[in-house]
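With mmCIF, N, CA and C atoms inside, this is model.cif:
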data_data
loop_
_atom_site.label_atom_id
_atom_site.label_comp_id
_atom_site.auth_asym_id
_atom_site.auth_seq_id
_atom_site.Cartn_x
_atom_site.Cartn_y
_atom_site.Cartn_z
N VAL A 1 14.98 6.54 -21.17
CA VAL A 1 14.25 6.61 -19.91
C VAL A 1 14.58 5.38 -19.08
N GLN A 2 14.90 5.64 -17.83
CA GLN A 2 15.19 4.54 -16.90
C GLN A 2 14.30 4.66 -15.68
N VAL A 3 13.78 3.53 -15.27
CA VAL A 3 13.01 3.45 -14.04
C VAL A 3 13.65 2.36 -13.20
N VAL A 4 14.18 2.73 -12.05
CA VAL A 4 14.97 1.79 -11.25
C VAL A 4 14.41 1.70 -9.84
N GLU A 5 14.05 0.48 -9.46
CA GLU A 5 13.56 0.23 -8.10
C GLU A 5 14.70 -0.27 -7.21
N SER A 6 14.54 -0.03 -5.93
CA SER A 6 15.48 -0.55 -4.94
C SER A 6 14.75 -0.72 -3.62
N GLY A 7 15.37 -1.48 -2.71
CA GLY A 7 14.83 -1.58 -1.36
C GLY A 7 14.14 -2.88 -1.03
N GLY A 8 14.00 -3.76 -1.99
CA GLY A 8 13.39 -5.04 -1.69
C GLY A 8 14.31 -5.92 -0.85
N GLY A 9 13.77 -7.04 -0.42
CA GLY A 9 14.57 -7.96 0.38
C GLY A 9 13.73 -8.97 1.10
N LEU A 10 14.36 -9.64 2.04
CA LEU A 10 13.71 -10.67 2.86
C LEU A 10 13.45 -10.11 4.25
N VAL A 11 12.24 -10.27 4.73
CA VAL A 11 11.88 -9.74 6.04
C VAL A 11 10.89 -10.70 6.70
N GLN A 12 10.90 -10.73 8.01
CA GLN A 12 9.95 -11.58 8.72
C GLN A 12 8.58 -10.91 8.77
N ALA A 13 7.57 -11.73 8.92
CA ALA A 13 6.22 -11.19 9.06
C ALA A 13 6.17 -10.20 10.22
N GLY A 14 5.48 -9.09 9.97
CA GLY A 14 5.41 -8.03 10.95
C GLY A 14 6.49 -6.97 10.77
N GLY A 15 7.43 -7.26 9.92
CA GLY A 15 8.53 -6.33 9.68
C GLY A 15 8.18 -5.24 8.69
N SER A 16 9.18 -4.44 8.36
CA SER A 16 9.00 -3.27 7.50
C SER A 16 10.05 -3.24 6.40
N LEU A 17 9.67 -2.63 5.30
CA LEU A 17 10.60 -2.35 4.21
C LEU A 17 10.20 -1.04 3.56
N ARG A 18 11.17 -0.39 2.95
CA ARG A 18 10.89 0.83 2.20
C ARG A 18 11.45 0.66 0.78
N LEU A 19 10.57 0.76 -0.18
CA LEU A 19 10.97 0.67 -1.57
C LEU A 19 11.15 2.08 -2.14
N CYS A 20 12.08 2.17 -3.07
CA CYS A 20 12.34 3.44 -3.72
C CYS A 20 12.36 3.22 -5.23
N CYS A 21 11.84 4.18 -5.96
CA CYS A 21 11.86 4.11 -7.42
C CYS A 21 12.25 5.47 -7.96
N ALA A 22 13.28 5.49 -8.78
CA ALA A 22 13.75 6.73 -9.38
C ALA A 22 13.63 6.65 -10.89
N ALA A 23 13.02 7.67 -11.47
CA ALA A 23 12.88 7.76 -12.91
C ALA A 23 13.83 8.81 -13.44
N SER A 24 14.51 8.50 -14.53
CA SER A 24 15.46 9.44 -15.10
C SER A 24 15.39 9.37 -16.63
N GLY A 25 15.97 10.39 -17.24
CA GLY A 25 15.95 10.45 -18.69
C GLY A 25 14.94 11.46 -19.19
N SER A 26 14.55 11.34 -20.42
CA SER A 26 13.66 12.32 -21.06
C SER A 26 12.20 12.01 -20.75
N ILE A 27 11.85 12.29 -19.50
CA ILE A 27 10.46 12.11 -19.08
C ILE A 27 9.85 13.47 -18.89
N PHE A 28 8.75 13.73 -19.58
CA PHE A 28 8.11 15.03 -19.48
C PHE A 28 6.69 14.86 -18.96
N GLY A 29 6.37 15.66 -17.98
CA GLY A 29 5.00 15.69 -17.52
C GLY A 29 4.53 14.39 -16.89
N ILE A 30 5.14 14.03 -15.78
CA ILE A 30 4.69 12.83 -15.09
C ILE A 30 3.33 13.09 -14.46
N ARG A 31 2.38 12.25 -14.81
CA ARG A 31 1.02 12.38 -14.28
C ARG A 31 0.88 11.64 -12.95
N ALA A 32 1.45 10.45 -12.91
CA ALA A 32 1.34 9.66 -11.70
C ALA A 32 2.48 8.64 -11.65
N MET A 33 2.77 8.20 -10.45
CA MET A 33 3.72 7.11 -10.24
C MET A 33 3.03 6.08 -9.36
N ALA A 34 3.34 4.84 -9.60
CA ALA A 34 2.60 3.80 -8.89
C ALA A 34 3.49 2.59 -8.64
N TRP A 35 3.05 1.80 -7.67
CA TRP A 35 3.66 0.50 -7.39
C TRP A 35 2.65 -0.59 -7.71
N TYR A 36 3.11 -1.57 -8.43
CA TYR A 36 2.34 -2.78 -8.70
C TYR A 36 3.13 -3.96 -8.12
N ARG A 37 2.46 -5.08 -7.98
CA ARG A 37 3.16 -6.28 -7.55
C ARG A 37 2.59 -7.49 -8.27
N GLN A 38 3.45 -8.49 -8.40
CA GLN A 38 3.03 -9.73 -9.03
C GLN A 38 3.60 -10.90 -8.25
N ALA A 39 2.71 -11.69 -7.69
CA ALA A 39 3.11 -12.90 -6.98
C ALA A 39 3.12 -14.06 -7.97
N PRO A 40 3.86 -15.12 -7.65
CA PRO A 40 3.91 -16.28 -8.55
C PRO A 40 2.52 -16.83 -8.84
N GLY A 41 2.24 -17.02 -10.13
CA GLY A 41 0.96 -17.58 -10.53
C GLY A 41 -0.21 -16.62 -10.49
N LYS A 42 0.07 -15.35 -10.19
CA LYS A 42 -1.01 -14.37 -10.09
C LYS A 42 -0.79 -13.23 -11.07
N GLN A 43 -1.85 -12.49 -11.33
CA GLN A 43 -1.73 -11.33 -12.20
C GLN A 43 -1.11 -10.16 -11.46
N ARG A 44 -0.50 -9.28 -12.23
CA ARG A 44 0.04 -8.06 -11.64
C ARG A 44 -1.12 -7.20 -11.14
N GLU A 45 -0.94 -6.65 -9.94
CA GLU A 45 -2.01 -5.83 -9.35
C GLU A 45 -1.45 -4.51 -8.86
N LEU A 46 -2.32 -3.52 -8.89
CA LEU A 46 -1.96 -2.21 -8.37
C LEU A 46 -1.89 -2.26 -6.85
N VAL A 47 -0.82 -1.74 -6.31
CA VAL A 47 -0.66 -1.66 -4.85
C VAL A 47 -0.99 -0.25 -4.36
N ALA A 48 -0.37 0.75 -4.98
CA ALA A 48 -0.59 2.13 -4.57
C ALA A 48 -0.20 3.05 -5.71
N ARG A 49 -0.86 4.20 -5.75
CA ARG A 49 -0.62 5.16 -6.82
C ARG A 49 -0.69 6.55 -6.25
N ILE A 50 0.16 7.44 -6.76
CA ILE A 50 0.16 8.83 -6.33
C ILE A 50 0.27 9.73 -7.55
N THR A 51 -0.59 10.74 -7.62
CA THR A 51 -0.57 11.65 -8.75
C THR A 51 0.41 12.80 -8.50
N SER A 52 0.60 13.61 -9.51
CA SER A 52 1.50 14.75 -9.39
C SER A 52 1.00 15.77 -8.37
N LEU A 53 -0.30 15.74 -8.10
CA LEU A 53 -0.87 16.64 -7.11
C LEU A 53 -0.94 16.02 -5.72
N GLY A 54 -0.49 14.78 -5.62
CA GLY A 54 -0.43 14.15 -4.31
C GLY A 54 -1.61 13.28 -3.93
N SER A 55 -2.55 13.13 -4.83
CA SER A 55 -3.68 12.24 -4.54
C SER A 55 -3.20 10.79 -4.57
N THR A 56 -3.70 10.03 -3.62
CA THR A 56 -3.25 8.63 -3.51
C THR A 56 -4.44 7.68 -3.52
N ASN A 57 -4.16 6.47 -3.96
CA ASN A 57 -5.12 5.39 -3.78
C ASN A 57 -4.35 4.09 -3.55
N TYR A 58 -4.99 3.20 -2.81
CA TYR A 58 -4.35 1.97 -2.37
C TYR A 58 -5.25 0.76 -2.63
N ALA A 59 -4.61 -0.36 -2.81
CA ALA A 59 -5.36 -1.61 -2.82
C ALA A 59 -5.91 -1.85 -1.42
N ASP A 60 -7.08 -2.41 -1.34
CA ASP A 60 -7.70 -2.65 -0.04
C ASP A 60 -6.80 -3.49 0.87
N SER A 61 -6.07 -4.40 0.28
CA SER A 61 -5.25 -5.33 1.07
C SER A 61 -4.07 -4.65 1.77
N VAL A 62 -3.72 -3.45 1.35
CA VAL A 62 -2.57 -2.78 1.96
C VAL A 62 -2.93 -1.50 2.70
N LYS A 63 -4.18 -1.11 2.65
CA LYS A 63 -4.59 0.13 3.33
C LYS A 63 -4.27 0.05 4.81
N GLY A 64 -3.69 1.13 5.32
CA GLY A 64 -3.33 1.18 6.73
C GLY A 64 -1.96 0.60 7.02
N ARG A 65 -1.36 -0.09 6.06
CA ARG A 65 -0.04 -0.69 6.27
C ARG A 65 1.02 -0.08 5.34
N PHE A 66 0.62 0.27 4.15
CA PHE A 66 1.55 0.83 3.17
C PHE A 66 1.28 2.32 2.97
N THR A 67 2.34 3.07 2.74
CA THR A 67 2.21 4.49 2.46
C THR A 67 3.07 4.85 1.26
N ILE A 68 2.46 5.46 0.27
CA ILE A 68 3.19 5.92 -0.91
C ILE A 68 3.45 7.41 -0.78
N SER A 69 4.64 7.81 -1.18
CA SER A 69 4.99 9.22 -1.17
C SER A 69 5.87 9.51 -2.37
N ARG A 70 6.08 10.79 -2.62
CA ARG A 70 6.74 11.15 -3.87
C ARG A 70 7.54 12.43 -3.71
N ASP A 71 8.66 12.48 -4.40
CA ASP A 71 9.47 13.70 -4.49
C ASP A 71 9.44 14.11 -5.95
N ASN A 72 8.59 15.07 -6.28
CA ASN A 72 8.43 15.47 -7.68
C ASN A 72 9.71 16.02 -8.28
N ALA A 73 10.47 16.73 -7.49
CA ALA A 73 11.70 17.34 -8.01
C ALA A 73 12.71 16.27 -8.43
N LYS A 74 12.65 15.12 -7.78
CA LYS A 74 13.61 14.06 -8.08
C LYS A 74 13.00 12.94 -8.91
N ASN A 75 11.75 13.09 -9.30
CA ASN A 75 11.05 12.01 -10.03
C ASN A 75 11.20 10.68 -9.31
N THR A 76 10.98 10.73 -8.03
CA THR A 76 11.17 9.55 -7.18
C THR A 76 9.90 9.27 -6.39
N VAL A 77 9.60 7.98 -6.27
CA VAL A 77 8.44 7.57 -5.47
C VAL A 77 8.90 6.52 -4.47
N TYR A 78 8.28 6.54 -3.30
CA TYR A 78 8.63 5.62 -2.23
C TYR A 78 7.40 4.81 -1.83
N LEU A 79 7.65 3.65 -1.29
CA LEU A 79 6.59 2.84 -0.72
C LEU A 79 7.06 2.34 0.64
N GLN A 80 6.51 2.91 1.69
CA GLN A 80 6.82 2.45 3.04
C GLN A 80 5.84 1.34 3.39
N MET A 81 6.38 0.20 3.74
CA MET A 81 5.55 -0.97 4.04
C MET A 81 5.81 -1.40 5.47
N ILE A 82 4.76 -1.49 6.28
CA ILE A 82 4.88 -1.95 7.65
C ILE A 82 3.93 -3.13 7.85
N SER A 83 4.10 -3.80 8.97
CA SER A 83 3.24 -4.95 9.29
C SER A 83 3.11 -5.90 8.10
N LEU A 84 4.25 -6.22 7.54
CA LEU A 84 4.24 -7.06 6.34
C LEU A 84 3.74 -8.46 6.65
N LYS A 85 3.06 -9.03 5.67
CA LYS A 85 2.48 -10.36 5.78
C LYS A 85 3.07 -11.27 4.69
N PRO A 86 3.07 -12.56 4.91
CA PRO A 86 3.57 -13.47 3.86
C PRO A 86 2.88 -13.26 2.53
N GLU A 87 1.62 -12.89 2.55
CA GLU A 87 0.89 -12.67 1.29
C GLU A 87 1.33 -11.41 0.55
N ASP A 88 2.18 -10.61 1.18
CA ASP A 88 2.76 -9.45 0.48
C ASP A 88 3.96 -9.86 -0.38
N THR A 89 4.37 -11.10 -0.26
CA THR A 89 5.49 -11.59 -1.05
C THR A 89 5.19 -11.50 -2.55
N ALA A 90 6.07 -10.82 -3.28
CA ALA A 90 5.85 -10.60 -4.71
C ALA A 90 7.04 -9.83 -5.27
N VAL A 91 7.06 -9.73 -6.59
CA VAL A 91 7.96 -8.78 -7.23
C VAL A 91 7.20 -7.47 -7.35
N TYR A 92 7.80 -6.42 -6.86
CA TYR A 92 7.18 -5.10 -6.87
C TYR A 92 7.76 -4.28 -8.02
N TYR A 93 6.86 -3.72 -8.82
CA TYR A 93 7.25 -2.95 -9.99
C TYR A 93 6.80 -1.50 -9.85
N CYS A 94 7.66 -0.64 -10.32
CA CYS A 94 7.33 0.79 -10.35
C CYS A 94 6.82 1.15 -11.74
N ASN A 95 5.79 1.98 -11.77
CA ASN A 95 5.23 2.44 -13.03
C ASN A 95 5.20 3.96 -13.05
N VAL A 96 5.58 4.51 -14.19
CA VAL A 96 5.54 5.96 -14.39
C VAL A 96 4.60 6.24 -15.55
N ASP A 97 3.65 7.10 -15.30
CA ASP A 97 2.60 7.42 -16.27
C ASP A 97 2.68 8.92 -16.58
N THR A 98 2.73 9.28 -17.85
CA THR A 98 2.88 10.68 -18.22
C THR A 98 1.63 11.25 -18.88
N TRP A 99 1.58 12.57 -18.92
CA TRP A 99 0.45 13.26 -19.57
C TRP A 99 0.42 13.02 -21.07
N THR A 100 1.55 12.60 -21.63
CA THR A 100 1.59 12.27 -23.06
C THR A 100 1.22 10.81 -23.30
N GLN A 101 0.69 10.17 -22.25
CA GLN A 101 0.22 8.79 -22.33
C GLN A 101 1.34 7.81 -22.60
N SER A 102 2.55 8.17 -22.20
CA SER A 102 3.64 7.21 -22.19
C SER A 102 3.65 6.48 -20.86
N ASP A 103 4.14 5.29 -20.90
CA ASP A 103 4.07 4.39 -19.75
C ASP A 103 5.41 3.69 -19.61
N TYR A 104 6.03 3.80 -18.42
CA TYR A 104 7.35 3.21 -18.22
C TYR A 104 7.32 2.30 -16.99
N TRP A 105 8.07 1.21 -17.10
CA TRP A 105 8.14 0.24 -16.01
C TRP A 105 9.58 0.00 -15.59
N GLY A 106 9.77 -0.28 -14.32
CA GLY A 106 11.05 -0.72 -13.83
C GLY A 106 11.19 -2.22 -13.98
N GLN A 107 12.34 -2.72 -13.58
CA GLN A 107 12.63 -4.15 -13.75
C GLN A 107 12.08 -4.99 -12.61
N GLY A 108 11.66 -4.34 -11.54
CA GLY A 108 11.08 -5.04 -10.41
C GLY A 108 12.08 -5.31 -9.30
N THR A 109 11.56 -5.38 -8.09
CA THR A 109 12.38 -5.72 -6.93
C THR A 109 11.62 -6.74 -6.09
N GLN A 110 12.32 -7.77 -5.66
CA GLN A 110 11.68 -8.87 -4.94
C GLN A 110 11.47 -8.51 -3.47
N VAL A 111 10.27 -8.73 -3.00
CA VAL A 111 9.96 -8.63 -1.57
C VAL A 111 9.50 -10.00 -1.11
N THR A 112 10.17 -10.53 -0.11
CA THR A 112 9.82 -11.83 0.43
C THR A 112 9.57 -11.69 1.92
N VAL A 113 8.40 -12.11 2.36
CA VAL A 113 8.02 -12.03 3.76
C VAL A 113 7.88 -13.44 4.29
N SER A 114 8.70 -13.78 5.25
CA SER A 114 8.67 -15.14 5.82
C SER A 114 7.73 -15.18 7.02
N SER A 115 7.11 -16.32 7.21
CA SER A 115 6.16 -16.47 8.32
C SER A 115 6.85 -16.96 9.58
#
Taking this structure as input, can you express it in the form of C-alpha cells?
Amino acid sequence: VQVVESGGGLVQAGGSLRLCCAASGSIFGIRAMAWYRQAPGKQRELVARITSLGSTNYADSVKGRFTISRDNAKNTVYLQMISLKPEDTAVYYCNVDTWTQSDYWGQGTQVTVSS
C-alpha cells in the first residue's frame, strides 16, 4: 500500500495551494480519507476529513478557507487551500482509513506560508 502526497510548496500569505493524495495497492473498503498537519514543536492535528459518502469535517482554524474533495474511483483526495496564513505552515500528511480498521499514512508534504 502506498499513500503519496503532492502539491506542497512555498507561498505568500493570502495565496493558494492544492494538495493531492493518491492511495494505491491492496486497499479495500476505504472509509475515509483525511489531511492532518504537524507544525514544528506541535502535535499532529486533523485539518479535514471526508468519508466515502462525502461527509466532511474541518478544523475550526481552516473552515471557510480549505476545501477537501475526493475521487473515489481513483482513491484520491484533494485539499484546496486559499487565503493561506503563516500559521498554516506545517508538514501535511494524508491518512487513509478503511472499514477493516487499517490505517495508512503518507510521507508528508511541506507547506510554507511566508508573511
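Put simply, CA of Gly106 (chain A) is 19.3 Å away from CA of Thr67 (chain A).
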Using only N, CA and C atoms, which protein or nucleic acid residues come within 8 Å of Gln101 (chain A)? Drop anything in the same chain fewer than 3 positions from it, and give the result as a VMD selection string.
chain A and resid 29 31 96 to 98 104
Residues picked by the PyMOL selection byres (((chain A and resi 49 and name CA) around 10) and name CA) here, as a list in words?
Ala32, Met33, Ala34, Trp35, Tyr36, Leu46, Val47, Ala48, Ile50, Thr51, Gly54, Ser55, Thr56, Asn57, Tyr58, Ala59, Thr67, Ile68, Ser69, Arg70, Val77, Leu79, Cys94, Asn95 and Val96 of chain A
Prev. selection, N, CA and C atoms, output as a PDB file, in the frame of the given file:
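Generated output (selection_23.pdb):
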ATOM      1  N   ALA A  32       1.450  10.450 -12.910  1.00  0.00           N
ATOM      2  CA  ALA A  32       1.340   9.660 -11.700  1.00  0.00           C
ATOM      3  C   ALA A  32       2.480   8.640 -11.650  1.00  0.00           C
ATOM      4  N   MET A  33       2.770   8.200 -10.450  1.00  0.00           N
ATOM      5  CA  MET A  33       3.720   7.110 -10.240  1.00  0.00           C
ATOM      6  C   MET A  33       3.030   6.080  -9.360  1.00  0.00           C
ATOM      7  N   ALA A  34       3.340   4.840  -9.600  1.00  0.00           N
ATOM      8  CA  ALA A  34       2.600   3.800  -8.890  1.00  0.00           C
ATOM      9  C   ALA A  34       3.490   2.590  -8.640  1.00  0.00           C
ATOM     10  N   TRP A  35       3.050   1.800  -7.670  1.00  0.00           N
ATOM     11  CA  TRP A  35       3.660   0.500  -7.390  1.00  0.00           C
ATOM     12  C   TRP A  35       2.650  -0.590  -7.710  1.00  0.00           C
ATOM     13  N   TYR A  36       3.110  -1.570  -8.430  1.00  0.00           N
ATOM     14  CA  TYR A  36       2.340  -2.780  -8.700  1.00  0.00           C
ATOM     15  C   TYR A  36       3.130  -3.960  -8.120  1.00  0.00           C
ATOM     16  N   LEU A  46      -2.320  -3.520  -8.890  1.00  0.00           N
ATOM     17  CA  LEU A  46      -1.960  -2.210  -8.370  1.00  0.00           C
ATOM     18  C   LEU A  46      -1.890  -2.260  -6.850  1.00  0.00           C
ATOM     19  N   VAL A  47      -0.820  -1.740  -6.310  1.00  0.00           N
ATOM     20  CA  VAL A  47      -0.660  -1.660  -4.850  1.00  0.00           C
ATOM     21  C   VAL A  47      -0.990  -0.250  -4.360  1.00  0.00           C
ATOM     22  N   ALA A  48      -0.370   0.750  -4.980  1.00  0.00           N
ATOM     23  CA  ALA A  48      -0.590   2.130  -4.570  1.00  0.00           C
ATOM     24  C   ALA A  48      -0.200   3.050  -5.710  1.00  0.00           C
ATOM     25  N   ILE A  50       0.160   7.440  -6.760  1.00  0.00           N
ATOM     26  CA  ILE A  50       0.160   8.830  -6.330  1.00  0.00           C
ATOM     27  C   ILE A  50       0.270   9.730  -7.550  1.00  0.00           C
ATOM     28  N   THR A  51      -0.590  10.740  -7.620  1.00  0.00           N
ATOM     29  CA  THR A  51      -0.570  11.650  -8.750  1.00  0.00           C
ATOM     30  C   THR A  51       0.410  12.800  -8.500  1.00  0.00           C
ATOM     31  N   GLY A  54      -0.490  14.780  -5.620  1.00  0.00           N
ATOM     32  CA  GLY A  54      -0.430  14.150  -4.310  1.00  0.00           C
ATOM     33  C   GLY A  54      -1.610  13.280  -3.930  1.00  0.00           C
ATOM     34  N   SER A  55      -2.550  13.130  -4.830  1.00  0.00           N
ATOM     35  CA  SER A  55      -3.680  12.240  -4.540  1.00  0.00           C
ATOM     36  C   SER A  55      -3.200  10.790  -4.570  1.00  0.00           C
ATOM     37  N   THR A  56      -3.700  10.030  -3.620  1.00  0.00           N
ATOM     38  CA  THR A  56      -3.250   8.630  -3.510  1.00  0.00           C
ATOM     39  C   THR A  56      -4.440   7.680  -3.520  1.00  0.00           C
ATOM     40  N   ASN A  57      -4.160   6.470  -3.960  1.00  0.00           N
ATOM     41  CA  ASN A  57      -5.120   5.390  -3.780  1.00  0.00           C
ATOM     42  C   ASN A  57      -4.350   4.090  -3.550  1.00  0.00           C
ATOM     43  N   TYR A  58      -4.990   3.200  -2.810  1.00  0.00           N
ATOM     44  CA  TYR A  58      -4.350   1.970  -2.370  1.00  0.00           C
ATOM     45  C   TYR A  58      -5.250   0.760  -2.630  1.00  0.00           C
ATOM     46  N   ALA A  59      -4.610  -0.360  -2.810  1.00  0.00           N
ATOM     47  CA  ALA A  59      -5.360  -1.610  -2.820  1.00  0.00           C
ATOM     48  C   ALA A  59      -5.910  -1.850  -1.420  1.00  0.00           C
ATOM     49  N   THR A  67       2.340   3.070   2.740  1.00  0.00           N
ATOM     50  CA  THR A  67       2.210   4.490   2.460  1.00  0.00           C
ATOM     51  C   THR A  67       3.070   4.850   1.260  1.00  0.00           C
ATOM     52  N   ILE A  68       2.460   5.460   0.270  1.00  0.00           N
ATOM     53  CA  ILE A  68       3.190   5.920  -0.910  1.00  0.00           C
ATOM     54  C   ILE A  68       3.450   7.410  -0.780  1.00  0.00           C
ATOM     55  N   SER A  69       4.640   7.810  -1.180  1.00  0.00           N
ATOM     56  CA  SER A  69       4.990   9.220  -1.170  1.00  0.00           C
ATOM     57  C   SER A  69       5.870   9.510  -2.370  1.00  0.00           C
ATOM     58  N   ARG A  70       6.080  10.790  -2.620  1.00  0.00           N
ATOM     59  CA  ARG A  70       6.740  11.150  -3.870  1.00  0.00           C
ATOM     60  C   ARG A  70       7.540  12.430  -3.710  1.00  0.00           C
ATOM     61  N   VAL A  77       9.600   7.980  -6.270  1.00  0.00           N
ATOM     62  CA  VAL A  77       8.440   7.570  -5.470  1.00  0.00           C
ATOM     63  C   VAL A  77       8.900   6.520  -4.470  1.00  0.00           C
ATOM     64  N   LEU A  79       7.650   3.650  -1.290  1.00  0.00           N
ATOM     65  CA  LEU A  79       6.590   2.840  -0.720  1.00  0.00           C
ATOM     66  C   LEU A  79       7.060   2.340   0.640  1.00  0.00           C
ATOM     67  N   CYS A  94       7.660  -0.640 -10.320  1.00  0.00           N
ATOM     68  CA  CYS A  94       7.330   0.790 -10.350  1.00  0.00           C
ATOM     69  C   CYS A  94       6.820   1.150 -11.740  1.00  0.00           C
ATOM     70  N   ASN A  95       5.790   1.980 -11.770  1.00  0.00           N
ATOM     71  CA  ASN A  95       5.230   2.440 -13.030  1.00  0.00           C
ATOM     72  C   ASN A  95       5.200   3.960 -13.050  1.00  0.00           C
ATOM     73  N   VAL A  96       5.580   4.510 -14.190  1.00  0.00           N
ATOM     74  CA  VAL A  96       5.540   5.960 -14.390  1.00  0.00           C
ATOM     75  C   VAL A  96       4.600   6.240 -15.550  1.00  0.00           C
TER      76      VAL A  96
END
Write down as a PyMOL selection string the residues of region 11-114 of chain A whose backbone DSSP state falls under strand (DSSP E or B).
chain A and resi 11-12+17-24+30-38+45-51+56-58+66-71+76-81+90-98+103-105+109-114
If the box runs along x, y and z of the file and leaves 3 Å on each side of region 14-26 of chain A, what are its centre and edge lengths in Å, one decimal, as lines of an AutoDock Vina configuration file?
center_x = 10.7
center_y = 1.6
center_z = -5.1
size_x = 16.6
size_y = 27.4
size_z = 38.0
Residues near Leu10 (chain A), anyone? I mean within 6 Å using all atoms listed in the file, not counting same-chain ones fewer than 2 positions away, as an MDAnalysis selection string.
chainID A and resid 8 12 111:113
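Between atom C of Thr100 (chain A) and atom N of Ser6 (chain A) there is a distance of 24.4 Å.
Separating atom N of Gly41 (chain A) from atom C of Ser114 (chain A) is a distance of 18.1 Å.
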Residues within 5 Å of Arg37 (chain A), please, as number ranges by chain. Count all atoms listed in the file; anything in the same chain fewer than 3 positions from it doesn't count.
A: 44-45, 47, 91-93
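Proximity ranking of A:Gly25, A:Ile30, A:Trp105, A:Leu17 relative to Ile82 (chain A) places A:Leu17 first, based on only N, CA and C atoms.
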Can you pull out every residue within 6.5 Å of Ser16 (chain A), counting only N, CA and C atoms, but drop anything in the same chain fewer than 5 positions away, and send it as a short mmCIF file (atom, residue, chain, number, x, y, z; two decimals) with N, CA and C atoms, in the coordinates of the input?
data_model
loop_
_atom_site.label_atom_id
_atom_site.label_comp_id
_atom_site.auth_asym_id
_atom_site.auth_seq_id
_atom_site.Cartn_x
_atom_site.Cartn_y
_atom_site.Cartn_z
N VAL A 11 12.24 -10.27 4.73
CA VAL A 11 11.88 -9.74 6.04
C VAL A 11 10.89 -10.70 6.70
N MET A 81 6.38 0.20 3.74
CA MET A 81 5.55 -0.97 4.04
C MET A 81 5.81 -1.40 5.47
N ILE A 82 4.76 -1.49 6.28
CA ILE A 82 4.88 -1.95 7.65
C ILE A 82 3.93 -3.13 7.85
N SER A 83 4.10 -3.80 8.97
CA SER A 83 3.24 -4.95 9.29
C SER A 83 3.11 -5.90 8.10
N LEU A 84 4.25 -6.22 7.54
CA LEU A 84 4.24 -7.06 6.34
C LEU A 84 3.74 -8.46 6.65
#
I would like the residues chosen by the PyMOL selection byres ((chain A and resi 75) around 8) on the shown file; could you give them as a PyMOL selection string?
chain A and resi 21-24+70-74+76-78
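The shortest atom-to-atom distance to Gln110 (chain A), with only C-alpha atoms taken into account, belongs to A:Gly9 out of A:Pro86, A:Gly15, A:Gly64, A:Gly9.
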Select region 24-37 of chain A in the preceding structure and write N, CA and C atoms to a file as a tab-separated table (two decimals), in the first residue's frame.
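Result written to result-v7.tsv:
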chain	number	residue	atom	x	y	z
A	24	SER	N	-2.67	3.75	-3.37
A	24	SER	CA	-2.62	2.65	-4.33
A	24	SER	C	-2.21	1.37	-3.61
A	25	GLY	N	-2.43	0.27	-4.30
A	25	GLY	CA	-2.09	-1.02	-3.70
A	25	GLY	C	-3.33	-1.74	-3.23
A	26	SER	N	-3.15	-2.69	-2.36
A	26	SER	CA	-4.25	-3.55	-1.89
A	26	SER	C	-5.01	-2.88	-0.75
A	27	ILE	N	-5.78	-1.86	-1.13
A	27	ILE	CA	-6.62	-1.17	-0.16
A	27	ILE	C	-8.05	-1.54	-0.45
A	28	PHE	N	-8.74	-2.07	0.55
A	28	PHE	CA	-10.12	-2.47	0.36
A	28	PHE	C	-11.02	-1.69	1.31
A	29	GLY	N	-12.07	-1.15	0.75
A	29	GLY	CA	-13.07	-0.53	1.60
A	29	GLY	C	-12.58	0.70	2.33
A	30	ILE	N	-12.23	1.72	1.58
A	30	ILE	CA	-11.81	2.96	2.23
A	30	ILE	C	-13.02	3.61	2.88
A	31	ARG	N	-12.90	3.87	4.16
A	31	ARG	CA	-13.98	4.51	4.92
A	31	ARG	C	-13.88	6.03	4.83
A	32	ALA	N	-12.66	6.52	4.96
A	32	ALA	CA	-12.47	7.96	4.93
A	32	ALA	C	-11.03	8.27	4.55
A	33	MET	N	-10.85	9.47	4.04
A	33	MET	CA	-9.51	9.99	3.77
A	33	MET	C	-9.42	11.36	4.44
A	34	ALA	N	-8.25	11.67	4.91
A	34	ALA	CA	-8.14	12.90	5.69
A	34	ALA	C	-6.77	13.53	5.50
A	35	TRP	N	-6.72	14.81	5.82
A	35	TRP	CA	-5.46	15.55	5.88
A	35	TRP	C	-5.20	15.96	7.33
A	36	TYR	N	-4.00	15.71	7.76
A	36	TYR	CA	-3.51	16.17	9.05
A	36	TYR	C	-2.31	17.09	8.79
A	37	ARG	N	-1.94	17.84	9.79
A	37	ARG	CA	-0.74	18.65	9.67
A	37	ARG	C	0.00	18.69	11.00
